[in-house]
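Text of work34.cif (mmCIF, C-alpha atoms and all ligand atoms) as supplied:
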data_structure
loop_
_atom_site.label_atom_id
_atom_site.label_comp_id
_atom_site.auth_asym_id
_atom_site.auth_seq_id
_atom_site.Cartn_x
_atom_site.Cartn_y
_atom_site.Cartn_z
CA MET A 1 36.65 120.94 130.83
CA ALA A 2 33.80 118.48 130.72
CA ARG A 3 35.09 114.98 130.16
CA SER A 4 32.06 113.97 128.22
CA LEU A 5 31.64 110.40 127.09
CA ARG A 6 29.15 110.68 124.29
CA SER A 7 26.39 108.16 124.77
CA ALA A 8 22.72 107.82 125.54
CA PRO A 9 22.36 108.32 129.29
CA THR A 10 21.04 104.90 130.17
CA LEU A 11 21.97 105.45 133.80
CA ASP A 12 22.67 108.62 135.71
CA ASN A 13 23.80 109.53 139.16
CA ARG A 14 20.29 109.40 140.55
CA THR A 15 19.72 105.78 139.64
CA LEU A 16 22.91 104.58 141.28
CA PRO A 17 23.26 104.40 145.04
CA GLY A 18 25.19 107.63 145.68
CA PRO A 19 28.13 107.81 148.06
CA SER A 20 26.01 109.78 150.54
CA GLU A 21 23.62 106.85 150.84
CA ALA A 22 26.45 104.58 151.81
CA GLY A 23 27.24 106.91 154.69
CA ILE A 24 30.26 108.44 152.98
CA ALA A 25 30.67 112.16 152.40
CA PRO A 26 29.25 113.09 148.96
CA PHE A 27 31.74 113.87 146.23
CA ARG A 28 31.22 116.39 143.44
CA ASP A 29 33.49 117.36 140.62
CA ASP A 30 31.91 120.08 138.50
CA SER A 31 34.47 119.66 135.75
CA THR A 32 32.76 116.38 134.85
CA ALA A 33 29.21 117.78 134.65
CA GLY A 34 27.24 115.88 132.04
CA PHE A 35 29.40 112.80 132.44
CA THR A 36 27.48 109.54 132.18
CA PRO A 37 28.57 106.89 134.67
CA VAL A 38 29.84 103.72 133.07
CA GLU A 39 27.19 101.01 132.83
CA ILE A 40 29.32 98.09 131.72
CA THR A 41 33.04 97.38 132.05
CA ILE A 42 34.52 95.05 129.47
CA VAL A 43 37.49 93.21 130.94
CA ILE A 44 40.01 91.92 128.40
CA PRO A 45 42.93 89.78 129.60
CA THR A 46 45.94 89.91 127.28
CA LEU A 47 49.15 88.00 126.90
CA ASN A 48 51.06 88.79 123.71
CA GLU A 49 48.10 90.14 121.73
CA ARG A 50 49.63 93.31 120.26
CA ASP A 51 48.05 92.98 116.84
CA ASN A 52 44.61 92.06 118.15
CA VAL A 53 44.21 94.80 120.73
CA PRO A 54 43.54 97.79 118.41
CA ILE A 55 41.19 95.71 116.25
CA LEU A 56 39.15 94.64 119.27
CA ALA A 57 38.94 98.22 120.58
CA ALA A 58 37.55 99.41 117.25
CA ARG A 59 35.06 96.55 117.14
CA LEU A 60 33.90 97.26 120.69
CA ALA A 61 33.36 100.93 119.89
CA GLU A 62 31.20 99.92 116.96
CA ALA A 63 29.29 97.16 118.75
CA LEU A 64 28.60 99.26 121.86
CA GLU A 65 27.62 102.52 120.17
CA GLY A 66 25.15 104.38 122.40
CA ILE A 67 26.08 102.41 125.55
CA ALA A 68 28.13 103.88 128.43
CA TRP A 69 30.93 101.32 128.32
CA GLU A 70 34.57 101.18 129.30
CA ALA A 71 37.25 98.59 128.64
CA ILE A 72 39.99 97.45 131.00
CA PHE A 73 42.80 95.53 129.36
CA VAL A 74 44.71 93.45 131.91
CA ASP A 75 48.13 92.52 130.61
CA ASP A 76 50.58 90.16 132.28
CA ASP A 77 53.67 92.01 131.15
CA SER A 78 53.62 90.77 127.54
CA ARG A 79 56.93 90.98 125.73
CA ASP A 80 55.55 91.81 122.28
CA GLY A 81 54.50 95.42 122.84
CA THR A 82 50.91 94.72 123.88
CA VAL A 83 51.24 97.12 126.82
CA GLU A 84 52.36 99.96 124.54
CA ALA A 85 49.45 99.22 122.20
CA ILE A 86 47.03 99.43 125.13
CA ARG A 87 48.59 102.68 126.41
CA ALA A 88 48.15 104.21 122.95
CA LEU A 89 44.47 103.24 122.88
CA SER A 90 44.00 104.63 126.36
CA ARG A 91 45.46 107.98 125.35
CA ALA A 92 43.08 108.08 122.40
CA SER A 93 39.92 107.29 124.36
CA PRO A 94 38.89 107.79 127.99
CA ARG A 95 36.82 104.62 127.65
CA ILE A 96 39.94 102.48 127.57
CA ARG A 97 42.18 101.72 130.51
CA GLY A 98 45.17 99.43 130.83
CA LEU A 99 46.33 97.49 133.85
CA ARG A 100 49.82 96.03 133.65
CA ARG A 101 50.60 93.25 136.12
CA VAL A 102 54.16 92.21 136.85
CA HIS A 103 55.52 89.04 138.50
CA ARG A 104 52.15 87.40 138.01
CA ARG A 105 50.66 85.15 135.40
CA GLY A 106 47.29 83.62 134.86
CA LEU A 107 44.06 84.22 133.02
CA ALA A 108 41.78 83.77 136.03
CA GLY A 109 43.77 86.14 138.24
CA ALA A 110 44.01 88.76 135.50
CA SER A 111 40.28 88.54 134.78
CA LEU A 112 39.42 88.84 138.44
CA GLU A 113 41.61 91.90 138.94
CA GLY A 114 40.06 93.60 135.93
CA MET A 115 36.57 92.96 137.22
CA LEU A 116 37.48 94.23 140.66
CA ALA A 117 38.75 97.47 139.10
CA SER A 118 35.24 98.18 137.83
CA SER A 119 32.66 100.32 139.62
CA ALA A 120 29.96 99.82 136.99
CA PRO A 121 26.81 97.81 137.71
CA PHE A 122 27.79 95.24 135.07
CA VAL A 123 31.03 93.62 133.94
CA ALA A 124 31.81 91.42 130.96
CA LEU A 125 34.80 89.26 130.17
CA ILE A 126 35.97 88.73 126.60
CA ASP A 127 39.18 87.40 125.03
CA ALA A 128 41.47 89.79 123.21
CA ASP A 129 42.11 87.47 120.29
CA LEU A 130 38.83 88.16 118.43
CA GLN A 131 37.63 84.55 118.83
CA HIS A 132 34.65 85.72 120.87
CA ASP A 133 31.88 87.64 119.10
CA GLU A 134 31.74 91.14 120.59
CA THR A 135 28.44 91.91 118.82
CA ARG A 136 26.72 89.62 121.37
CA LEU A 137 27.56 92.05 124.19
CA ARG A 138 24.61 94.31 123.44
CA GLU A 139 22.10 91.51 123.92
CA MET A 140 23.95 90.24 127.00
CA LEU A 141 23.68 93.70 128.56
CA ALA A 142 19.98 93.94 127.67
CA ILE A 143 19.36 90.68 129.56
CA LEU A 144 21.25 91.93 132.62
CA ARG A 145 19.30 95.18 132.59
CA THR A 146 16.04 93.29 133.20
CA GLY A 147 17.39 92.55 136.69
CA ASP A 148 16.22 88.92 136.57
CA ILE A 149 19.59 87.42 135.70
CA ASP A 150 22.97 87.40 137.47
CA VAL A 151 25.19 85.92 134.77
CA VAL A 152 24.76 85.79 130.99
CA VAL A 153 27.03 83.24 129.35
CA ALA A 154 27.88 83.31 125.66
CA SER A 155 27.80 79.66 124.65
CA ARG A 156 29.56 77.89 121.81
CA TYR A 157 27.17 74.95 122.00
CA LEU A 158 23.73 76.47 122.50
CA ASP A 159 22.26 76.52 118.99
CA THR A 160 24.93 75.13 116.74
CA PRO A 161 27.12 72.41 118.23
CA ASP A 162 29.82 73.96 116.07
CA THR A 163 33.33 74.74 117.26
CA GLY A 164 34.76 76.05 114.02
CA GLY A 165 37.69 77.67 115.85
CA LEU A 166 38.83 74.51 117.64
CA THR A 167 40.93 71.64 116.36
CA GLN A 168 39.54 68.09 116.64
CA VAL A 169 41.56 67.33 119.77
CA ARG A 170 40.52 70.58 121.43
CA HIS A 171 36.92 69.87 120.40
CA THR A 172 36.82 66.46 122.10
CA GLY A 173 38.68 67.81 125.10
CA SER A 174 36.31 70.72 125.42
CA ARG A 175 33.24 68.47 125.25
CA THR A 176 34.67 66.12 127.89
CA ALA A 177 35.54 68.99 130.23
CA THR A 178 32.03 70.40 129.73
CA TRP A 179 30.49 67.06 130.58
CA LEU A 180 32.61 66.80 133.73
CA ALA A 181 31.67 70.29 134.83
CA GLN A 182 27.97 69.64 134.27
CA ARG A 183 28.08 66.39 136.23
CA LEU A 184 30.25 67.46 139.13
CA LEU A 185 29.15 71.01 139.64
CA LYS A 186 25.52 70.64 138.59
CA ALA A 187 25.84 73.69 136.36
CA PRO A 188 22.92 73.63 133.92
CA LEU A 189 24.93 75.26 131.14
CA THR A 190 25.81 74.06 127.66
CA ASP A 191 29.18 75.85 127.90
CA PRO A 192 30.34 76.17 131.52
CA MET A 193 33.91 76.55 130.23
CA SER A 194 33.11 79.74 128.38
CA GLY A 195 35.57 82.58 128.71
CA PHE A 196 32.95 85.01 127.37
CA PHE A 197 30.25 86.15 129.80
CA ALA A 198 28.68 89.19 131.46
CA MET A 199 27.38 89.55 134.99
CA ARG A 200 26.35 91.82 137.82
CA ARG A 201 29.55 93.27 139.21
CA GLU A 202 28.29 93.09 142.76
CA VAL A 203 28.26 89.27 142.53
CA VAL A 204 31.98 89.12 141.65
CA ASP A 205 32.75 91.60 144.39
CA ARG A 206 31.00 89.38 146.90
CA LEU A 207 32.69 86.14 145.78
CA ALA A 208 36.15 87.55 144.98
CA PRO A 209 37.98 86.59 148.19
CA ARG A 210 37.03 82.96 147.64
CA LEU A 211 37.86 82.72 143.94
CA SER A 212 41.03 81.02 142.72
CA ASP A 213 43.55 83.10 140.79
CA GLN A 214 44.98 80.04 139.09
CA GLY A 215 43.73 78.37 135.95
CA PHE A 216 41.57 79.30 132.99
CA LYS A 217 38.09 78.65 134.27
CA ILE A 218 36.88 81.69 136.09
CA LEU A 219 33.21 81.23 135.20
CA LEU A 220 33.16 77.70 136.56
CA ASP A 221 34.82 78.95 139.72
CA ILE A 222 32.23 81.71 140.16
CA LEU A 223 29.36 79.26 139.70
CA ALA A 224 30.86 76.67 142.03
CA THR A 225 31.79 79.16 144.72
CA SER A 226 28.51 81.05 144.99
CA PRO A 227 26.61 79.82 148.07
CA GLU A 228 23.25 80.50 146.41
CA PRO A 229 22.57 79.30 142.87
CA LEU A 230 23.07 82.16 140.43
CA ARG A 231 20.37 83.05 137.93
CA LEU A 232 21.84 82.08 134.57
CA ARG A 233 21.03 82.69 130.95
CA GLU A 234 22.91 81.60 127.84
CA VAL A 235 23.12 83.26 124.46
CA PRO A 236 24.65 81.51 121.44
CA TYR A 237 27.74 82.68 119.57
CA VAL A 238 30.14 81.19 117.07
CA PHE A 239 33.72 80.69 118.29
CA LYS A 240 36.01 81.97 115.55
CA ALA A 241 39.50 80.88 114.57
CA ARG A 242 42.42 82.92 115.87
CA LEU A 243 43.93 85.44 113.43
CA HIS A 244 47.08 86.65 115.22
CA GLY A 245 49.18 85.11 117.96
CA GLU A 246 48.69 81.73 119.56
CA SER A 247 46.55 80.03 122.22
CA LYS A 248 47.97 79.82 125.72
CA LEU A 249 45.95 76.74 126.65
CA ASP A 250 48.30 73.84 127.30
CA ALA A 251 48.54 70.57 129.23
CA ALA A 252 49.32 72.45 132.43
CA ILE A 253 46.07 74.37 132.15
CA VAL A 254 44.10 71.16 131.66
CA LEU A 255 45.67 69.80 134.87
CA GLU A 256 44.80 73.01 136.66
CA TYR A 257 41.23 72.60 135.50
CA LEU A 258 40.99 69.10 137.00
CA GLY A 259 42.53 70.57 140.13
CA LEU A 260 39.84 73.25 140.26
CA ILE A 261 37.13 70.60 140.08
CA VAL A 262 38.64 68.58 142.93
CA ALA A 263 39.20 71.74 144.97
CA LYS A 264 35.56 72.73 144.54
CA LEU A 265 34.27 69.22 145.26
CA THR A 266 36.18 69.13 148.54
CA GLY A 267 34.92 72.57 149.52
CA ASP A 268 38.35 74.14 148.93
CA LEU A 269 39.90 71.77 151.47
CA VAL A 270 42.43 70.64 148.89
CA SER A 271 43.95 73.53 146.96
CA ILE A 272 44.85 73.23 143.29
CA ARG A 273 48.45 73.87 144.15
CA PHE A 274 48.59 71.14 146.76
CA LEU A 275 46.97 68.70 144.37
CA LEU A 276 49.51 69.43 141.65
CA PHE A 277 52.30 69.16 144.22
CA GLY A 278 51.01 65.74 145.26
CA LEU A 279 50.75 64.62 141.64
CA VAL A 280 54.31 65.69 140.94
CA GLY A 281 55.42 63.93 144.13
CA ALA A 282 53.78 60.72 142.95
CA SER A 283 55.55 61.01 139.59
CA GLY A 284 58.81 61.38 141.56
CA VAL A 285 58.29 58.00 143.21
CA ILE A 286 58.04 56.43 139.77
CA VAL A 287 61.13 58.27 138.51
CA ASN A 288 63.01 57.16 141.61
CA LEU A 289 62.13 53.48 141.09
CA LEU A 290 62.91 53.57 137.36
CA ALA A 291 66.28 55.23 137.89
CA LEU A 292 67.12 52.81 140.69
CA SER A 293 66.41 49.73 138.61
CA LEU A 294 68.35 51.13 135.63
CA LEU A 295 71.40 51.88 137.80
CA LEU A 296 71.26 48.50 139.53
CA ASP A 297 71.19 46.88 136.09
CA GLN A 298 74.40 48.75 135.33
CA GLY A 299 76.02 47.07 138.33
CA VAL A 300 76.06 50.16 140.57
CA THR A 301 76.04 49.30 144.29
CA PHE A 302 72.70 49.78 146.02
CA SER A 303 73.45 52.74 148.31
CA ILE A 304 75.06 54.75 145.49
CA ALA A 305 72.29 53.80 143.06
CA GLN A 306 69.58 54.84 145.49
CA THR A 307 71.30 58.15 146.30
CA ALA A 308 71.64 58.96 142.60
CA ALA A 309 68.05 57.87 141.91
CA MET A 310 66.77 60.14 144.65
CA LEU A 311 68.72 63.11 143.30
CA ILE A 312 67.31 62.42 139.85
CA ALA A 313 63.78 62.20 141.26
CA MET A 314 64.22 65.45 143.20
CA THR A 315 65.50 67.23 140.10
CA SER A 316 62.58 65.92 138.10
CA ASN A 317 60.16 66.98 140.86
CA TYR A 318 61.72 70.41 140.99
CA THR A 319 61.50 70.90 137.24
CA LEU A 320 57.87 69.74 137.10
CA ASN A 321 56.85 71.84 140.10
CA ASN A 322 58.53 74.82 138.51
CA ALA A 323 56.61 74.30 135.28
CA LEU A 324 53.25 73.27 136.76
CA THR A 325 52.61 73.76 140.46
CA TYR A 326 54.36 77.11 140.71
CA ARG A 327 54.12 78.18 137.07
CA ASP A 328 52.93 81.61 138.19
CA ARG A 329 56.13 82.02 140.22
CA ARG A 330 58.39 80.19 137.79
CA ARG A 331 62.14 80.46 138.44
CA ARG A 332 64.26 81.08 135.35
CA GLY A 333 67.96 81.40 134.55
CA TRP A 334 70.16 81.52 137.63
CA ARG A 335 67.13 81.49 139.92
CA PHE A 336 66.30 78.07 138.44
CA VAL A 337 69.64 76.71 139.63
CA THR A 338 69.56 78.31 143.09
CA GLY A 339 65.96 77.12 143.45
CA LEU A 340 67.03 73.54 142.67
CA LEU A 341 69.66 73.70 145.41
CA MET A 342 67.12 75.13 147.88
CA PHE A 343 64.52 72.53 146.95
CA THR A 344 66.97 69.63 147.27
CA ALA A 345 68.25 70.88 150.64
CA LEU A 346 64.77 71.45 152.06
CA CYS A 347 63.44 68.11 150.76
CA SER A 348 66.39 66.33 152.36
CA VAL A 349 65.40 67.85 155.69
CA GLY A 350 61.83 66.67 155.00
CA LEU A 351 63.15 63.19 154.29
CA VAL A 352 65.14 63.00 157.52
CA GLY A 353 62.14 64.33 159.46
CA GLY A 354 59.80 61.83 157.82
CA VAL A 355 62.13 58.91 158.57
CA GLY A 356 62.43 60.16 162.15
CA VAL A 357 58.69 60.34 162.66
CA SER A 358 58.01 56.92 161.14
CA THR A 359 60.80 55.30 163.18
CA PHE A 360 59.40 56.85 166.36
CA ILE A 361 55.85 55.70 165.58
CA TYR A 362 57.03 52.22 164.61
CA ARG A 363 58.79 51.92 167.96
CA GLU A 364 55.59 52.89 169.84
CA GLN A 365 53.21 50.98 167.60
CA PRO A 366 54.84 48.36 165.35
CA GLU A 367 52.41 48.77 162.46
CA TRP A 368 54.52 49.26 159.32
CA TRP A 369 51.84 50.91 157.16
CA LEU A 370 50.81 53.36 159.90
CA ALA A 371 54.41 54.37 160.52
CA GLY A 372 55.10 54.60 156.79
CA LEU A 373 52.02 56.73 156.09
CA ALA A 374 52.76 59.09 158.97
CA GLY A 375 56.34 59.55 157.79
CA ALA A 376 55.20 60.21 154.22
CA ALA A 377 52.57 62.71 155.42
CA VAL A 378 55.11 64.62 157.50
CA GLY A 379 57.54 64.61 154.57
CA ILE A 380 55.05 65.85 152.00
CA MET A 381 53.63 68.54 154.31
CA TRP A 382 57.13 69.80 155.09
CA ASN A 383 58.09 69.81 151.42
CA TYR A 384 54.88 71.56 150.38
CA ILE A 385 55.04 74.23 153.05
CA THR A 386 58.72 75.04 152.52
CA SER A 387 58.32 74.99 148.72
CA THR A 388 55.43 77.44 148.89
CA ALA A 389 56.94 79.67 151.56
CA ILE A 390 60.61 79.54 150.58
CA THR A 391 61.61 78.07 147.23
CA TRP A 392 58.69 79.56 145.30
CA ARG A 393 57.71 82.31 147.73
CA ALA A 394 55.55 85.05 146.21
CA ARG A 395 57.88 87.92 145.41
N1 LIG B 401 46.57 88.66 131.39
C1 LIG B 401 46.65 87.40 130.94
N2 LIG B 401 47.42 86.48 131.60
N3 LIG B 401 45.95 87.05 129.83
C2 LIG B 401 46.06 85.77 129.39
C3 LIG B 401 46.84 84.80 130.03
C4 LIG B 401 47.56 85.19 131.20
O1 LIG B 401 48.29 84.42 131.83
N4 LIG B 401 46.72 83.63 129.34
C5 LIG B 401 45.89 83.89 128.31
N5 LIG B 401 45.50 85.18 128.32
C6 LIG B 401 44.57 85.89 127.41
C7 LIG B 401 44.90 85.75 125.94
O2 LIG B 401 45.74 86.78 125.49
C8 LIG B 401 43.52 85.85 125.32
O3 LIG B 401 43.10 87.19 125.19
C9 LIG B 401 42.63 85.17 126.34
O4 LIG B 401 43.31 85.29 127.60
C10 LIG B 401 42.33 83.70 126.02
O5 LIG B 401 43.54 83.00 125.86
P1 LIG B 401 43.71 81.93 124.67
O6 LIG B 401 45.05 81.34 124.87
O7 LIG B 401 43.39 82.53 123.36
O8 LIG B 401 42.59 80.87 125.10
P2 LIG B 401 41.72 79.92 124.15
O9 LIG B 401 41.30 80.61 122.90
O10 LIG B 401 42.44 78.65 124.02
O11 LIG B 401 40.41 79.71 125.08
C11 LIG B 401 39.56 80.81 125.36
O12 LIG B 401 38.24 80.67 124.88
C12 LIG B 401 37.54 79.56 125.38
C13 LIG B 401 36.12 79.60 124.86
O13 LIG B 401 35.40 80.68 125.39
C14 LIG B 401 39.49 80.98 126.87
O14 LIG B 401 38.75 82.15 127.18
C15 LIG B 401 38.85 79.78 127.50
O15 LIG B 401 38.71 80.02 128.90
C16 LIG B 401 37.48 79.55 126.89
O16 LIG B 401 36.96 78.33 127.31
MN MN B 402 41.78 82.27 122.09
#

Target encoding structure tokens, full file:
Amino acid sequence: MARSLRSAPTLDNRTLPGPSEAGIAPFRDDSTAGFTPVEITIVIPTLNERDNVPILAARLAEALEGIAWEAIFVDDDSRDGTVEAIRALSRASPRIRGLRRVHRRGLAGASLEGMLASSAPFVALIDADLQHDETRLREMLAILRTGDIDVVVASRYLDTPDTGGLTQVRHTGSRTATWLAQRLLKAPLTDPMSGFFAMRREVVDRLAPRLSDQGFKILLDILATSPEPLRLREVPYVFKARLHGESKLDAAIVLEYLGLIVAKLTGDLVSIRFLLFGLVGASGVIVNLLALSLLLDQGVTFSIAQTAAMLIAMTSNYTLNNALTYRDRRRRGWRFVTGLLMFTALCSVGLVGGVGVSTFIYREQPEWWLAGLAGAAVGIMWNYITSTAITWRAR
């Protein structure tokens, strides 16, 4: 039976590079005669968006009437029934597909995987929560079709500097982050933080191995990673208030964003994860000193006070790393406890190793700061590597 997707044939098999051209045996399936290849894939990341998903699907169908589109919902194992809602939509329309990810979390990673699942010439990214204006997609596609533009960004700040959907704090934060991005990454966009854009799929395919799967800012990452400047165009839209569910943007994501900027400025020398790990480590030094002085005030003897203070600092480091640095591999329940034991044990080894190295260097070259720095570097590298490979290993 012909699996016909009713739509104006804007593209057909002749206009796309066929498999035979790529040196691969041609493939024909007569049961799909008359089928129009998809021109644009709409990627929709979801995390607990059950009520929004069917509304968005209906709005897309209306907004994209006459266009050969498909949608890929990428869900990070939501607990509210979002996956079931997506499966139901997918059974009702061959245009809609669902990708359920398990053991993974993160908007950027989910978006990237959705885009990589597309074989269409164009892909678009839009939020599931109806805050982005899906009626702009038609114009965004028209711009891409001209062939002169690589990425079309829907901007909140292009015409109206209005952010109706954002609170005052979010508004100021968003403007500051935009300013930073424009300065540091030389991106000539009014809204480089936009989560709503469309682009040539081939560009994502090319950059994918070098894109980060952490954080919220996939567009910024794409722009910063591309070796050649991408041809950009912005179209305005009005960011609406959320109807159902809640925003997942939190302090951790803001930190990740700053991490992304540093990572990109150092040419990916310093990863976001390492930066967060270092930041948490620095906070541990402060916790250690505070606890030590409090305990000494209580009359506790020094060696006991320092041992306790170090345990407190390690526990605080572990908890922060679990919530921030390794939030995508977060340990919960019993695994939280066993992870704490592992972390403490491994960090103690790192401590002994660091002390050993600095003592050795100090003996060879009695320069206290050199020996101290070398010991700290060995300690932090050991802790980072064992944390990433053991305590929070990817499962
Ligand atoms: N799969 C998956 N995994 N989806 C996620 C995750 C995740 O870890 N976190 C969030 N999402 C989904 C949400 O369900 C929603 O569809 C979309 O990603 C955006 O998340 P929100 O939490 O609603 O973000 P926001 O409204 O604060 O910010 C959005 O709009 C801004 C303006 O365009 C984001 O797209 C920002 O990146 C963007 O700057
Ligand atoms: Mn939102």

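Nearest to ligand MN 402 (chain B) of all the residues A:Thr41, A:Gln131, A:Gln214, A:Ser293 is A:Gln131, based on all atoms listed in the file.
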
Neighbour list for stretch 46-50 of chain A as a PyMOL selection string, cut-off 12 Å, only C-alpha atoms, skip fewer than 4 positions in-chain: chain A and resi 54-57+72-89+98-102+104-111+114+125-130+242-249

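Between ligand MN 402 (chain B) and the residues A:Val38, A:Ala241, A:Ala374, A:Ala71, the shortest atom-to-atom distance, using only C-alpha atoms and all ligand atoms, involves A:Ala241.
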
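Each of A:Leu116, A:Ile149, A:Ile218, A:Leu137 was checked against ligand LIG 401 (chain B) using all atoms listed in the file; the smallest atom-to-atom distance is that of A:Ile218.
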
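What separates atom CA of A:Arg273 from atom CA of A:Leu260 is a distance of 9.5 Å.
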
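With distances restricted to only C-alpha atoms and all ligand atoms, A:Leu219 is the closest residue to ligand LIG 401 (chain B) from A:Ile96, A:Ala198, A:Leu219, A:Ile385.
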
Straight-line distance linking atom CA of A:Gly379 with atom CA of A:Ile361, stated in Å to one decimal: 14.3 Å

Shortest contact to ligand MN 402 (chain B), candidates A:Ile304, A:Ile44, A:Val123, A:Cys347, atoms counted all atoms listed in the file, goes to A:Ile44

What's the 12 Å shell around A:Ile143, counting only C-alpha atoms, without same-chain residues fewer than 6 positions away, as a PyMOL selection string? chain A and resi 122+136-137+149-154+197-200+231-235

Is it possible to add all heavy atoms to stretch 269-275 of chain A and hand it back as an mmCIF file, keeping the file's coordinate frame?
data_model
loop_
_atom_site.group_PDB
_atom_site.id
_atom_site.type_symbol
_atom_site.label_atom_id
_atom_site.label_comp_id
_atom_site.auth_asym_id
_atom_site.auth_seq_id
_atom_site.Cartn_x
_atom_site.Cartn_y
_atom_site.Cartn_z
ATOM 1 N N LEU A 269 39.024 72.378 150.473
ATOM 2 C CA LEU A 269 39.900 71.770 151.470
ATOM 3 C C LEU A 269 41.265 71.486 150.848
ATOM 4 O O LEU A 269 42.310 71.676 151.440
ATOM 5 C CB LEU A 269 39.263 70.466 151.953
ATOM 6 C CG LEU A 269 39.688 69.976 153.319
ATOM 7 C CD1 LEU A 269 39.218 70.946 154.390
ATOM 8 C CD2 LEU A 269 39.091 68.601 153.588
ATOM 9 N N VAL A 270 41.209 70.973 149.607
ATOM 10 C CA VAL A 270 42.430 70.640 148.890
ATOM 11 C C VAL A 270 42.660 71.705 147.834
ATOM 12 O O VAL A 270 41.855 71.876 146.943
ATOM 13 C CB VAL A 270 42.253 69.274 148.198
ATOM 14 C CG1 VAL A 270 43.497 68.926 147.419
ATOM 15 C CG2 VAL A 270 41.947 68.199 149.220
ATOM 16 N N SER A 271 43.733 72.463 147.934
ATOM 17 C CA SER A 271 43.950 73.530 146.960
ATOM 18 C C SER A 271 44.499 72.933 145.665
ATOM 19 O O SER A 271 45.066 71.843 145.647
ATOM 20 C CB SER A 271 44.910 74.577 147.504
ATOM 21 O OG SER A 271 46.235 74.109 147.400
ATOM 22 N N ILE A 272 44.352 73.680 144.584
ATOM 23 C CA ILE A 272 44.850 73.230 143.290
ATOM 24 C C ILE A 272 46.356 73.020 143.368
ATOM 25 O O ILE A 272 46.906 72.046 142.880
ATOM 26 C CB ILE A 272 44.544 74.276 142.202
ATOM 27 C CG1 ILE A 272 43.048 74.567 142.165
ATOM 28 C CG2 ILE A 272 45.048 73.823 140.848
ATOM 29 C CD1 ILE A 272 42.667 75.581 141.117
ATOM 30 N N ARG A 273 47.011 73.960 144.053
ATOM 31 C CA ARG A 273 48.450 73.870 144.150
ATOM 32 C C ARG A 273 48.888 72.605 144.882
ATOM 33 O O ARG A 273 49.780 71.892 144.442
ATOM 34 C CB ARG A 273 48.985 75.109 144.889
ATOM 35 C CG ARG A 273 50.292 75.594 144.329
ATOM 36 C CD ARG A 273 50.933 76.609 145.205
ATOM 37 N NE ARG A 273 50.514 77.989 144.995
ATOM 38 C CZ ARG A 273 50.846 78.726 143.949
ATOM 39 N NH1 ARG A 273 51.559 78.213 142.971
ATOM 40 N NH2 ARG A 273 50.463 79.971 143.853
ATOM 41 N N PHE A 274 48.215 72.319 145.990
ATOM 42 C CA PHE A 274 48.590 71.140 146.760
ATOM 43 C C PHE A 274 48.374 69.870 145.946
ATOM 44 O O PHE A 274 49.179 68.938 145.968
ATOM 45 C CB PHE A 274 47.797 71.080 148.069
ATOM 46 C CG PHE A 274 48.231 69.949 148.964
ATOM 47 C CD1 PHE A 274 49.483 69.967 149.550
ATOM 48 C CD2 PHE A 274 47.402 68.869 149.197
ATOM 49 C CE1 PHE A 274 49.900 68.924 150.361
ATOM 50 C CE2 PHE A 274 47.810 67.820 150.004
ATOM 51 C CZ PHE A 274 49.059 67.847 150.590
ATOM 52 N N LEU A 275 47.277 69.861 145.198
ATOM 53 C CA LEU A 275 46.970 68.700 144.370
ATOM 54 C C LEU A 275 48.049 68.466 143.312
ATOM 55 O O LEU A 275 48.516 67.345 143.113
ATOM 56 C CB LEU A 275 45.638 68.962 143.674
ATOM 57 C CG LEU A 275 44.855 67.724 143.397
ATOM 58 C CD1 LEU A 275 44.121 67.322 144.655
ATOM 59 C CD2 LEU A 275 43.891 67.980 142.270
#
